[in-house]
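Structure data (mmCIF, C-alpha atoms and all ligand atoms) from my_file-v3.cif:
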data_target
loop_
_atom_site.label_atom_id
_atom_site.label_comp_id
_atom_site.auth_asym_id
_atom_site.auth_seq_id
_atom_site.Cartn_x
_atom_site.Cartn_y
_atom_site.Cartn_z
CA MET C 1 0.00 0.00 0.00
CA GLN C 2 1.38 3.42 -0.90
CA THR C 3 -0.48 6.57 -0.07
CA ASP C 4 0.75 10.01 -1.14
CA ALA C 5 3.32 8.13 -3.12
CA GLY C 6 5.59 9.79 -5.61
CA VAL C 7 8.93 9.10 -7.19
CA THR C 8 12.28 10.76 -7.01
CA ARG C 9 15.74 10.11 -8.38
CA CYS C 10 18.52 8.55 -6.34
CA PRO C 11 21.14 11.28 -5.82
CA GLN C 12 23.85 8.64 -6.12
CA CYS C 13 22.96 6.62 -9.24
CA ALA C 14 19.95 8.50 -10.68
CA GLN C 15 17.73 5.40 -10.43
CA GLN C 16 14.03 6.20 -9.96
CA VAL C 17 12.97 5.43 -6.40
CA PRO C 18 9.47 5.48 -4.92
CA VAL C 19 8.72 7.96 -2.13
CA ASP C 20 6.41 7.12 0.72
CA PRO C 21 6.43 9.87 3.35
CA ARG C 22 5.81 7.33 6.11
CA TYR C 23 8.98 5.38 5.37
CA VAL C 24 12.61 6.03 4.54
CA THR C 25 13.31 6.78 0.88
CA TRP C 26 16.17 4.60 -0.33
CA CYS C 27 17.66 3.14 -3.50
CA ASP C 28 17.52 -0.59 -4.10
CA LYS C 29 20.14 -0.37 -6.85
CA CYS C 30 23.04 1.22 -4.96
CA ASP C 31 21.79 1.01 -1.34
CA TRP C 32 21.74 4.81 -1.00
CA ASN C 33 20.13 5.85 2.33
CA VAL C 34 19.47 2.28 3.45
CA ASP C 35 20.81 3.51 6.77
CA PRO C 36 19.63 7.10 7.29
CA SER C 37 20.79 7.26 10.91
CA ALA C 38 24.37 8.02 11.79
CA THR C 39 26.08 4.80 12.74
CA ASP C 40 27.02 5.32 16.34
CA ARG C 41 27.29 1.91 17.89
CA PRO C 42 28.27 1.83 21.53
CA GLU C 43 30.33 -1.32 20.98
CA PRO C 44 34.07 -1.11 20.36
CA THR C 45 35.38 -1.60 16.81
CA TRP C 46 37.18 -4.86 17.61
CA ARG C 47 33.92 -6.37 18.66
CA GLN C 48 32.15 -5.24 15.50
CA ARG C 49 34.90 -6.65 13.28
CA LEU C 50 34.99 -9.85 15.26
CA GLU C 51 31.23 -10.26 14.99
CA HIS C 52 31.40 -9.78 11.24
CA ARG C 53 34.07 -12.44 10.88
CA LEU C 54 32.32 -14.79 13.24
CA ALA C 55 29.01 -14.43 11.45
CA ASP C 56 30.68 -15.21 8.14
CA THR C 57 32.69 -18.25 9.22
CA LEU C 58 29.81 -19.67 11.20
CA TYR C 59 27.48 -19.14 8.30
CA ARG C 60 29.77 -21.03 5.96
CA GLU C 61 30.22 -23.84 8.46
CA LEU C 62 26.46 -24.28 8.82
CA GLU C 63 25.70 -23.82 5.12
CA HIS C 64 28.01 -26.68 4.20
CA GLY C 65 26.40 -28.88 6.77
CA HIS C 66 29.41 -29.27 9.08
CA LEU C 67 27.23 -29.49 12.06
CA HIS C 68 28.04 -31.42 15.14
CA ARG C 69 25.78 -32.06 18.03
CA PRO C 70 24.01 -28.89 19.10
CA GLY C 71 25.18 -27.59 22.41
CA TRP C 72 28.74 -28.55 23.03
CA ASP C 73 31.17 -27.07 20.54
CA ALA C 74 34.71 -26.00 21.40
CA ALA C 75 33.71 -22.38 22.00
CA ARG C 76 30.99 -23.39 24.42
CA ILE C 77 33.21 -25.79 26.34
CA GLY C 78 35.85 -23.05 26.56
CA ALA C 79 33.35 -20.48 27.80
CA TRP C 80 31.96 -23.02 30.27
CA LEU C 81 35.41 -23.82 31.70
CA LEU C 82 36.43 -20.17 32.01
CA SER C 83 33.12 -19.37 33.73
CA GLY C 84 33.44 -22.36 36.05
CA LEU C 85 36.90 -21.23 37.16
CA VAL C 86 35.57 -17.76 37.96
CA LEU C 87 32.66 -19.17 39.91
CA LEU C 88 35.13 -21.08 42.09
CA LEU C 89 36.26 -17.71 43.51
CA PRO C 90 33.20 -17.05 45.71
CA LEU C 91 33.30 -20.72 46.78
CA ALA C 92 36.97 -20.43 47.73
CA ALA C 93 36.24 -17.24 49.68
CA LEU C 94 33.40 -18.95 51.53
CA LEU C 95 35.61 -21.94 52.44
CA ALA C 96 38.42 -19.62 53.55
CA GLY C 97 36.01 -17.75 55.82
CA ILE C 98 34.71 -20.97 57.37
CA ALA C 99 38.25 -22.33 57.81
CA LEU C 100 39.27 -19.16 59.65
CA LEU C 101 36.29 -19.45 62.01
CA VAL C 102 36.94 -23.11 62.72
CA PHE C 103 40.72 -23.24 63.02
CA TYR C 104 41.94 -19.79 63.98
CA ARG C 105 42.04 -18.58 67.58
CA PRO C 106 41.40 -16.30 69.46
CA LEU C 107 37.81 -16.34 68.28
CA TRP C 108 37.27 -12.57 68.30
CA LEU C 109 40.17 -12.15 65.90
CA SER C 110 39.09 -15.04 63.67
CA ILE C 111 35.61 -13.49 63.40
CA LEU C 112 37.11 -10.16 62.36
CA LEU C 113 39.42 -11.84 59.83
CA ALA C 114 36.69 -14.14 58.48
CA LEU C 115 34.49 -11.14 57.75
CA ILE C 116 36.71 -10.24 54.78
CA PRO C 117 36.44 -13.49 52.79
CA LEU C 118 32.82 -14.03 53.85
CA SER C 119 31.69 -10.63 52.64
CA LEU C 120 33.66 -11.23 49.44
CA ALA C 121 31.79 -14.52 48.98
CA LEU C 122 28.51 -12.72 49.61
CA LEU C 123 29.35 -10.00 47.08
CA LEU C 124 30.46 -12.43 44.37
CA ARG C 125 27.87 -15.16 44.97
CA PRO C 126 26.01 -16.37 41.86
CA ARG C 127 22.35 -15.44 41.81
CA ALA C 128 19.44 -17.29 40.27
CA HIS C 129 17.24 -15.56 37.70
CA ARG C 130 14.10 -14.35 39.39
CA LEU C 131 10.91 -13.06 37.90
CA ASP C 132 10.06 -9.46 38.63
CA PRO C 133 7.53 -9.56 41.51
CA ASP C 134 5.29 -7.29 39.41
CA ALA C 135 5.57 -9.55 36.33
CA HIS C 136 2.26 -10.38 34.66
CA LEU C 137 1.94 -14.16 34.68
CA VAL C 138 -0.50 -16.19 32.62
CA GLU C 139 -1.69 -19.30 34.42
CA ARG C 140 -2.00 -22.65 32.72
CA ASP C 141 -5.71 -22.91 33.60
CA SER C 142 -6.62 -19.56 32.12
CA ALA C 143 -4.86 -20.14 28.78
CA PRO C 144 -5.53 -23.75 27.69
CA THR C 145 -5.00 -23.10 23.96
CA LEU C 146 -1.70 -21.28 24.50
CA PHE C 147 -0.36 -23.97 26.83
CA ALA C 148 -1.61 -26.74 24.53
CA LEU C 149 0.45 -25.15 21.76
CA LEU C 150 3.48 -24.75 24.04
CA ASP C 151 3.18 -28.35 25.24
CA GLU C 152 2.88 -29.62 21.68
CA LEU C 153 5.99 -27.65 20.72
CA ALA C 154 7.93 -28.87 23.75
CA ARG C 155 6.96 -32.47 22.99
CA THR C 156 7.92 -32.18 19.31
CA ILE C 157 11.23 -30.54 20.15
CA GLY C 158 11.90 -32.92 23.03
CA THR C 159 12.25 -30.47 25.87
CA LYS C 160 10.48 -29.86 29.20
CA PRO C 161 7.06 -28.15 29.09
CA VAL C 162 6.98 -24.46 29.89
CA THR C 163 6.06 -23.69 33.51
CA ALA C 164 4.84 -20.14 33.08
CA VAL C 165 4.23 -17.43 30.52
CA VAL C 166 5.03 -13.80 31.27
CA VAL C 167 3.37 -11.01 29.30
CA ASP C 168 5.21 -7.70 29.07
CA PRO C 169 5.33 -4.56 26.89
CA GLU C 170 8.81 -5.19 25.44
CA PRO C 171 9.19 -5.74 21.68
CA THR C 172 10.63 -9.24 22.11
CA VAL C 173 9.80 -12.87 22.81
CA TYR C 174 12.24 -14.75 25.03
CA PHE C 175 13.03 -17.97 26.85
CA ALA C 176 14.44 -17.95 30.38
CA ARG C 177 15.11 -20.37 33.18
CA ILE C 178 13.93 -19.10 36.52
CA GLY C 179 15.10 -19.87 40.03
CA TRP C 180 17.51 -22.56 41.21
CA ARG C 181 15.33 -25.25 39.67
CA PHE C 182 15.75 -23.56 36.30
CA ARG C 183 12.08 -23.69 35.40
CA PRO C 184 11.46 -22.87 31.75
CA VAL C 185 9.54 -19.63 31.22
CA ILE C 186 8.44 -17.95 28.00
CA GLY C 187 8.14 -14.17 27.84
CA LEU C 188 5.72 -12.72 25.32
CA GLY C 189 6.33 -9.06 24.50
CA LEU C 190 3.01 -7.71 23.26
CA PRO C 191 4.24 -5.40 20.45
CA LEU C 192 6.10 -8.25 18.72
CA TRP C 193 3.63 -11.01 19.56
CA ALA C 194 0.57 -9.05 18.35
CA GLY C 195 2.09 -8.42 14.92
CA LEU C 196 2.95 -12.07 14.21
CA GLY C 197 0.81 -14.31 12.00
CA PRO C 198 -0.20 -17.73 13.42
CA GLN C 199 2.59 -19.76 11.84
CA GLU C 200 5.13 -17.03 12.62
CA ARG C 201 4.13 -17.38 16.25
CA VAL C 202 4.86 -21.10 16.04
CA ALA C 203 8.27 -20.28 14.51
CA ILE C 204 9.24 -17.78 17.21
CA LEU C 205 8.09 -20.07 20.03
CA ALA C 206 9.88 -23.05 18.46
CA HIS C 207 13.05 -20.96 18.21
CA GLU C 208 12.83 -20.05 21.89
CA LEU C 209 12.05 -23.62 23.01
CA GLY C 210 14.90 -24.73 20.75
CA HIS C 211 17.17 -22.70 23.05
CA GLY C 212 15.70 -24.65 25.96
CA LYS C 213 16.40 -27.95 24.24
CA ASN C 214 19.99 -26.99 23.41
CA GLY C 215 20.76 -25.94 26.99
CA ASP C 216 21.44 -22.34 25.95
CA ALA C 217 19.70 -20.73 28.89
CA ARG C 218 21.65 -22.74 31.49
CA HIS C 219 24.86 -22.02 29.68
CA GLY C 220 23.89 -18.34 29.48
CA TRP C 221 23.23 -18.26 33.21
CA MET C 222 26.68 -19.68 33.95
CA VAL C 223 28.44 -17.19 31.67
CA ASN C 224 26.39 -14.30 33.06
CA ALA C 225 27.13 -15.32 36.64
CA ALA C 226 30.86 -15.43 35.83
CA GLY C 227 30.46 -12.12 33.99
CA SER C 228 29.10 -10.39 37.07
CA VAL C 229 31.96 -11.72 39.22
CA LEU C 230 34.42 -10.41 36.63
CA TYR C 231 32.58 -7.10 36.57
CA GLU C 232 33.03 -6.69 40.33
CA LEU C 233 36.70 -7.57 39.99
CA ARG C 234 37.19 -5.11 37.13
CA GLN C 235 35.57 -2.37 39.21
CA THR C 236 37.85 -3.18 42.12
CA PHE C 237 41.07 -3.34 40.12
CA SER C 238 40.71 -0.41 37.79
CA GLU C 239 41.35 3.26 38.29
CA GLN C 240 38.39 4.83 40.04
CA PRO C 241 37.33 8.43 39.30
CA LEU C 242 38.67 9.61 42.66
CA ASP C 243 42.01 7.77 42.38
CA ARG C 244 43.60 10.41 40.18
CA TYR C 245 42.26 13.24 42.30
CA ARG C 246 43.63 11.63 45.45
CA GLN C 247 46.95 11.10 43.73
CA GLU C 248 47.13 14.74 42.64
CA LEU C 249 46.24 15.91 46.10
CA ALA C 250 48.96 13.72 47.55
CA ASP C 251 51.46 15.01 44.98
CA ALA C 252 50.60 18.58 45.86
CA MET C 253 50.93 18.06 49.62
CA TRP C 254 54.06 15.92 49.63
CA ALA C 255 56.66 16.22 46.96
CA ASP C 256 57.15 12.50 46.31
CA PRO C 257 54.36 10.17 45.11
CA THR C 258 52.90 8.16 47.97
CA PRO C 259 53.92 4.50 47.98
CA ALA C 260 50.28 3.48 48.49
CA GLY C 261 49.30 5.15 45.21
CA LEU C 262 52.13 3.37 43.44
CA VAL C 263 51.06 -0.01 44.80
CA THR C 264 47.48 0.65 43.69
CA ARG C 265 48.69 1.44 40.20
CA ILE C 266 50.82 -1.69 39.99
CA VAL C 267 47.97 -3.87 41.25
CA ASN C 268 45.54 -2.25 38.80
CA ALA C 269 47.95 -2.84 35.93
CA THR C 270 48.70 -6.49 36.75
CA VAL C 271 45.63 -7.99 38.44
CA GLY C 272 43.28 -5.56 36.68
CA GLY C 273 44.94 -6.27 33.35
CA GLY C 274 44.58 -10.00 33.91
CA VAL C 275 40.92 -9.67 34.80
CA ARG C 276 40.28 -7.53 31.71
CA SER C 277 41.99 -10.04 29.38
CA TYR C 278 40.10 -12.90 30.99
CA SER C 279 36.77 -11.08 30.47
CA TRP C 280 37.73 -10.38 26.88
CA LEU C 281 38.49 -14.04 26.17
CA LEU C 282 35.31 -15.21 27.85
CA GLY C 283 33.31 -12.67 25.86
CA LYS C 284 34.90 -13.83 22.63
CA LEU C 285 34.18 -17.51 23.26
CA ASP C 286 30.66 -16.81 24.44
CA LEU C 287 29.94 -14.70 21.38
CA ARG C 288 30.77 -17.56 19.07
CA SER C 289 28.84 -20.12 21.05
CA SER C 290 25.75 -17.92 21.35
CA GLN C 291 25.73 -16.99 17.66
CA ARG C 292 25.91 -20.67 16.83
CA ALA C 293 23.09 -21.30 19.28
CA GLU C 294 20.94 -18.79 17.39
CA TYR C 295 21.48 -20.56 14.07
CA LEU C 296 20.67 -23.90 15.65
CA ALA C 297 17.51 -22.54 17.26
CA ASP C 298 16.53 -21.14 13.84
CA ARG C 299 17.07 -24.54 12.30
CA LYS C 300 14.88 -26.13 14.97
CA ALA C 301 12.21 -23.48 14.29
CA ALA C 302 12.29 -24.22 10.54
CA GLU C 303 11.87 -27.94 11.22
CA ILE C 304 8.86 -27.32 13.45
CA ALA C 305 7.11 -24.32 11.89
CA GLY C 306 8.27 -24.67 8.28
CA SER C 307 11.06 -22.78 6.52
CA ASP C 308 8.93 -20.01 5.03
CA ALA C 309 7.15 -19.09 8.23
CA THR C 310 10.45 -19.06 10.12
CA ALA C 311 12.15 -16.75 7.63
CA TRP C 312 9.13 -14.44 7.64
CA ALA C 313 9.03 -14.45 11.42
CA LEU C 314 12.67 -13.36 11.56
CA GLU C 315 11.92 -10.51 9.16
CA ARG C 316 8.98 -9.53 11.34
CA THR C 317 11.29 -9.19 14.30
CA LEU C 318 13.06 -6.44 12.33
CA LEU C 319 9.81 -4.48 12.67
CA ALA C 320 9.67 -4.95 16.45
CA ASP C 321 10.74 -1.40 17.24
CA ALA C 322 8.21 0.00 14.73
CA SER C 323 5.54 -2.14 16.40
CA TYR C 324 6.52 -0.75 19.76
CA ARG C 325 6.24 2.81 18.47
CA ALA C 326 2.80 2.05 17.00
CA LEU C 327 1.74 0.72 20.39
CA GLU C 328 3.11 3.78 22.14
CA ARG C 329 1.31 6.16 19.74
CA SER C 330 -1.93 4.33 20.21
CA LEU C 331 -1.64 4.47 24.00
CA ARG C 332 -0.70 8.16 24.04
CA PHE C 333 -3.28 9.40 21.55
CA ASP C 334 -6.27 7.12 21.94
CA LYS C 335 -7.81 6.94 18.48
CA GLY C 336 -10.65 4.65 19.32
CA ILE C 337 -9.00 1.42 18.18
CA GLN C 338 -7.57 -1.25 20.43
CA PRO C 339 -3.81 -0.66 20.94
CA LEU C 340 -2.90 -4.20 19.86
CA GLU C 341 -5.13 -3.86 16.80
CA ALA C 342 -3.19 -0.66 15.99
CA VAL C 343 0.04 -2.70 16.20
CA ARG C 344 -1.39 -5.38 13.90
CA ARG C 345 -2.43 -2.79 11.33
CA ALA C 346 0.90 -0.96 11.52
CA VAL C 347 2.78 -4.22 10.87
CA ALA C 348 0.43 -5.35 8.09
CA GLU C 349 0.79 -1.95 6.41
CA VAL C 350 4.57 -2.05 6.17
CA PRO C 351 5.39 -2.46 2.47
CA ALA C 352 7.70 -5.25 1.31
CA ARG C 353 10.14 -2.55 0.22
CA GLU C 354 10.56 -1.31 3.79
CA ILE C 355 11.16 -4.86 5.06
CA GLU C 356 13.75 -5.32 2.31
CA ARG C 357 15.45 -2.10 3.46
CA ARG C 358 15.64 -3.38 7.01
CA VAL C 359 17.08 -6.71 5.87
CA ARG C 360 19.75 -4.80 3.92
CA LEU C 361 20.33 -2.61 6.93
CA SER C 362 21.06 -5.72 8.98
CA ARG C 363 23.79 -6.53 6.48
CA LEU C 364 25.29 -3.04 6.53
CA GLN C 365 24.99 -2.47 10.21
CA ASP C 366 24.61 -5.91 11.76
CA THR C 367 21.39 -4.81 13.38
CA ARG C 368 20.55 -7.55 15.77
CA ILE C 369 17.84 -8.16 18.32
CA ASP C 370 20.69 -8.02 20.75
CA SER C 371 24.42 -8.35 20.39
CA THR C 372 24.36 -12.15 20.65
CA HIS C 373 22.24 -12.62 17.52
CA PRO C 374 23.81 -12.98 14.08
CA PRO C 375 22.62 -10.46 11.46
CA THR C 376 19.09 -11.24 10.27
CA TYR C 377 20.02 -11.36 6.57
CA LEU C 378 22.36 -14.29 7.26
CA ARG C 379 19.80 -16.07 9.41
CA THR C 380 17.04 -15.86 6.80
CA LYS C 381 19.50 -16.70 4.02
CA LEU C 382 20.56 -19.86 5.82
CA ILE C 383 16.97 -20.94 6.38
CA ARG C 384 16.09 -20.34 2.73
CA ALA C 385 19.29 -21.98 1.47
CA ARG C 386 18.38 -25.33 3.01
CA PRO C 387 15.73 -27.63 1.50
CA ALA C 388 12.30 -26.27 2.44
CA GLN C 389 10.73 -27.93 5.47
CA ARG C 390 7.05 -28.55 5.94
CA ALA C 391 5.53 -27.57 9.24
CA LEU C 392 5.25 -30.22 11.96
CA VAL C 393 3.15 -28.01 14.21
CA VAL C 394 0.42 -25.90 12.67
CA LEU C 395 -1.48 -23.11 14.38
CA THR C 396 -4.77 -22.31 12.71
CA ASN C 397 -6.21 -18.78 12.57
CA ASP C 398 -8.93 -19.81 14.98
CA ARG C 399 -6.53 -21.18 17.58
CA SER C 400 -4.34 -18.12 17.18
CA ARG C 401 -7.33 -15.87 17.86
CA ALA C 402 -8.30 -18.07 20.80
CA ILE C 403 -4.83 -17.46 22.25
CA ASP C 404 -5.31 -13.70 21.86
CA GLY C 405 -8.58 -14.06 23.74
CA GLU C 406 -6.88 -15.99 26.56
CA LEU C 407 -4.18 -13.34 26.86
CA ALA C 408 -6.61 -10.41 26.69
CA THR C 409 -7.07 -9.80 30.44
CA THR C 410 -3.35 -9.95 31.18
CA ALA C 411 -2.56 -7.87 28.09
CA ASP C 412 -5.01 -5.18 29.23
CA ALA C 413 -3.31 -4.99 32.61
CA VAL C 414 0.13 -4.68 30.94
CA LEU C 415 -1.10 -1.98 28.56
CA LYS C 416 -2.78 -0.06 31.35
CA GLU C 417 0.51 0.01 33.21
CA LEU C 418 2.40 1.14 30.13
CA ARG C 419 -0.17 3.88 29.48
CA THR C 420 0.31 5.23 33.01
CA GLU C 421 4.07 5.13 32.53
CA LEU C 422 3.86 7.03 29.23
CA ARG C 423 1.71 9.78 30.67
ZN ZN K 501 21.03 4.60 -6.26
ZN ZN K 502 17.39 -16.88 19.96
#
Let me see the structure of the file written as structure tokens.
Amino acid sequence: MQTDAGVTRCPQCAQQVPVDPRYVTWCDKCDWNVDPSATDRPEPTWRQRLEHRLADTLYRELEHGHLHRPGWDAARIGAWLLSGLVLLLPLAALLAGIALLVFYRPLWLSILLALIPLSLALLLRPRAHRLDPDAHLVERDSAPTLFALLDELARTIGTKPVTAVVVDPEPTVYFARIGWRFRPVIGLGLPLWAGLGPQERVAILAHELGHGKNGDARHGWMVNAAGSVLYELRQTFSEQPLDRYRQELADAMWADPTPAGLVTRIVNATVGGGVRSYSWLLGKLDLRSSQRAEYLADRKAAEIAGSDATAWALERTLLADASYRALERSLRFDKGIQPLEAVRRAVAEVPAREIERRVRLSRLQDTRIDSTHPPTYLRTKLIRARPAQRALVVLTNDRSRAIDGELATTADAVLKELRTELR
């Protein structure tokens, strides 16, 4: 659909390009203005280059079918070992504290001394993922169609059934393991979920449950837990904002640099440097293993939901931010239509040309849902490059609408909250 449409010439190659005031004008011949925003990515250049290379080599590996068992590749084992070593630190601190209390006397001194390792253990302890106490949960009883679909998917994929569904206003759908029993939970972000067609919903859910099957969430928890220990260590062993000031003050008051300042700097350079390199290596290994995990989850999704629906679903996720904005507009300026209906219309209205621009943008800019996802154009290309798969699980229009009905009450509560926040 193109309203108020006109044409103009590409300033770069003089090709005629259509103009639709609601979308970016760009040239499909020379890619002029595919990316109208200035590219300011917060990530360092090495990481961008590395991601590019990784995406390419991984893509080739998967395209040629060199695929081992999902889950445990060298990068993942490496990341797992490095994380495990880090997580031994709080354990060692805890044991040291207990040993001091048990074996060291006098007791008053051992208590004082044990406080240091024990508080260190407390600070660095790994934490389980918890649900936000205000999270909007959908109960199994109140959403039989949704849970029947989730159970069918879990059975077909060969993973544990989902314990709970969380509805939130984020433009994403996710899989998480909650608590120390690592219960599988699916998060449905309304702006993305509302804009998906029935079979695309199957694809996205199959992708997320595919992560569950491949053990990605447990692995992610371990790497994240190690990451937060490393973060604390980096904070401790790097120059703090006040360090320099203190040093200058000391220099001004006494002519020679204080030995304490010197020691701090040496420790920051050695221990801090070690911690930074370790974090870098862990990040690099984890990046490869999580990008691979995404491709494997995509493959699972294509097996379950069919190749076409999966590729479309991935392209839909490129519209997630636009869906969110449509939702926001609808909540701010009530125009008499249901907010989620506004999202559906906004997504359905997006012309193929705009989706194509976003796919190209993902190639130019590596736009990802988050930094652990490979660029969308490679993901869809890989799905379409493999022999087409027919769907194993099919969601009819009626069942899809029934699911919307089951989610309605919870969705209303979520939207009401978001409306209050926006105002
Ligand atoms: Zn052009
Ligand atoms: Zn994923």
Contacts of Thr317 in chain C at 10 Å (all atoms listed in the file; same-chain gap of 6+ positions) as a list in words: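 Final neighbour list, sorted by chain and number: Pro171, Thr172, Val173, Leu192, Trp193, Gly195, Leu196, Ile204, Ser323, Arg368, Ile369 and Thr376 of chain C.
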Interatomic distance, CA of Arg299 in chain C to CA of Ile383 in chain C (Å, one decimal):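 Interatomic distance here is 6.9 Å.
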Nearby residues, ligand ZN 501 (chain K), 10 Å, only C-alpha atoms and all ligand atoms, as a ChimeraX atom specification: /C:9-17,26-33
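Take the candidates C:Leu282, C:Leu314, C:Val202, C:Leu340 and check each one against ligand ZN 502 (chain K) using only C-alpha atoms and all ligand atoms; the shortest distance goes to C:Leu314.
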Computed interatomic separation between CA of Leu150 in chain C and CA of Leu395 in chain C (Å): 11.0 Å
Tell me which protein, DNA and RNA residues are within 10 Å of Asp56 in chain C, counting all atoms listed in the file, leaving out same-chain ones fewer than 4 positions away, and put them as an mmCIF file with C-alpha atoms, in the coordinates of the input.
data_model
loop_
_atom_site.group_PDB
_atom_site.id
_atom_site.type_symbol
_atom_site.label_atom_id
_atom_site.label_comp_id
_atom_site.auth_asym_id
_atom_site.auth_seq_id
_atom_site.Cartn_x
_atom_site.Cartn_y
_atom_site.Cartn_z
ATOM 1 C CA LEU C 50 34.990 -9.850 15.260
ATOM 2 C CA GLU C 51 31.230 -10.260 14.990
ATOM 3 C CA HIS C 52 31.400 -9.780 11.240
ATOM 4 C CA ARG C 60 29.770 -21.030 5.960
ATOM 5 C CA GLU C 61 30.220 -23.840 8.460
ATOM 6 C CA PRO C 374 23.810 -12.980 14.080
ATOM 7 C CA PRO C 375 22.620 -10.460 11.460
ATOM 8 C CA LEU C 378 22.360 -14.290 7.260
#
